[in-house]
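Reading through the structure tokens given below for one structure.
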Amino acid sequence: MSEFINVLIAIDAETILGRFGGNTDPDAPASIADSSELIYMTTRQNQLGSAPGSELTINASPMDVIRWRETTLSLNAEYTGILYRFNTLSGQDLISTPVPRSVVLSEPQPNSHDPLNPTTQKISSYYWECEILDTGSVTYNFSFMILNHKGEKQGYYTWDPFINIQP
């Protein structure tokens, strides 16, 4: 039976902006060569084959589905990160071509007047998704933009992680 493997990407937007500055060209994003202190990926414990970090080993099988979602360390309050391009550099035959998917969700919201009964609001969300075709190592790059809390683009960046897929 297929499983969904949700990969959470946490981006240290404030440090990235401080180190790399703004970059206004989405077709030439600034490369974050040493991402180990700036970008973190993790998944559920039973799907995790290595410690969380900028590279990831997951326990998965063919027909499982990987879904990547991102946030910033401020949980998108001060800065937001948005993934906008995926390029497979090696291991193309191990996963299907990742594509972005949009979805409308009902998100619970705290209710200050009645803390035990939260309200909900409809939000638009998205993730990148692919199907696992075989086990092995996939090297890819994700390009992402950082926006401030007003939605103004602050810069475009890319990093080259790998994901090891093991049974």
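Each chain of the structure tokens is named A, B, ... in the order shown, its residues numbered from 1; ligands are numbered from 1 in display order.
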
**Asked** Can you list every residue in chain A that DSSP puts in strand (DSSP E or B), as a PyMOL selection string?
**Response** chain A and resi 4-11+30-31+39-42+48+53+56-59+65-72+79-90+95+99-109+119-132+136-148+153-159+162-166

**Message:** as a ChimeraX atom specification, please: the residues near stretch 33-43 of chain A (cut-off 12 Å, only C-alpha atoms, same-chain neighbours under 3 positions excluded).
**Reply:** /A:4-20,29-30,46-60,66-73,81,141-142,144,157-163

**Request:** Write down as a PyMOL selection string the residues of stretch 2-165 of chain A whose backbone DSSP state falls under alpha helix (DSSP H).
**Result:** chain A and resi 13-20

Store the residues picked out above in a file with C-alpha atoms, as a PDB file, in the first residue's frame.
```pdb
ATOM      1  CA  ALA A  13      15.060  33.281   5.838  1.00  0.00           C
ATOM      2  CA  GLU A  14      16.531  36.000   8.034  1.00  0.00           C
ATOM      3  CA  THR A  15      20.051  34.516   7.960  1.00  0.00           C
ATOM      4  CA  ILE A  16      19.846  33.785   4.218  1.00  0.00           C
ATOM      5  CA  LEU A  17      18.888  37.400   3.501  1.00  0.00           C
ATOM      6  CA  GLY A  18      21.708  38.620   5.764  1.00  0.00           C
ATOM      7  CA  ARG A  19      24.358  36.409   4.117  1.00  0.00           C
ATOM      8  CA  PHE A  20      23.263  36.454   0.483  1.00  0.00           C
TER       9      PHE A  20
END
```

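Considering only C-alpha atoms, the residue among A:Asn76, A:Ser90, A:Ser96, A:Ser137 positioned nearest to A:Asp64 is A:Ser96.
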
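Between atom CA of A:Leu75 and atom CA of A:Ala28 the interatomic distance comes to 26.1 Å.
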
**Close residues, stretch 120-131 of chain A itself excluded, 7 Å, only C-alpha atoms, min 5 positions apart in chain, as JSON, numbers by chain** = {"A": [63, 64, 65, 66, 67, 68, 69, 95, 96, 97, 98, 99, 100, 101, 102, 103, 104, 105, 106, 107, 108, 109]}

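Proximity to A:Tyr140 was assessed for A:Ile32, A:Ile82, A:Leu89, A:Ala77 counting only C-alpha atoms; the smallest distance is recorded for A:Leu89.
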
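The space separating atom CA of A:Pro26 from atom CA of A:Gly91 comes to 24.7 Å.
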
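We find atom CA of A:Glu78 and atom CA of A:Asn148 to be spaced 6.1 Å apart.
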
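Residues lying within 8 Å of stretch 134-136 of chain A, counting only C-alpha atoms and ignoring same-chain neighbours fewer than 4 positions away, are Ala60, Ser61, Pro62, Gly91, Asp93, Leu94, Ile95, Asn164, Ile165, Gln166 and Pro167 of chain A.
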
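Considering the residues A:Gln92, A:Thr80, A:Asn117, A:Gln154 and counting only C-alpha atoms, A:Leu133 has its shortest atom-to-atom contact with A:Gln92.
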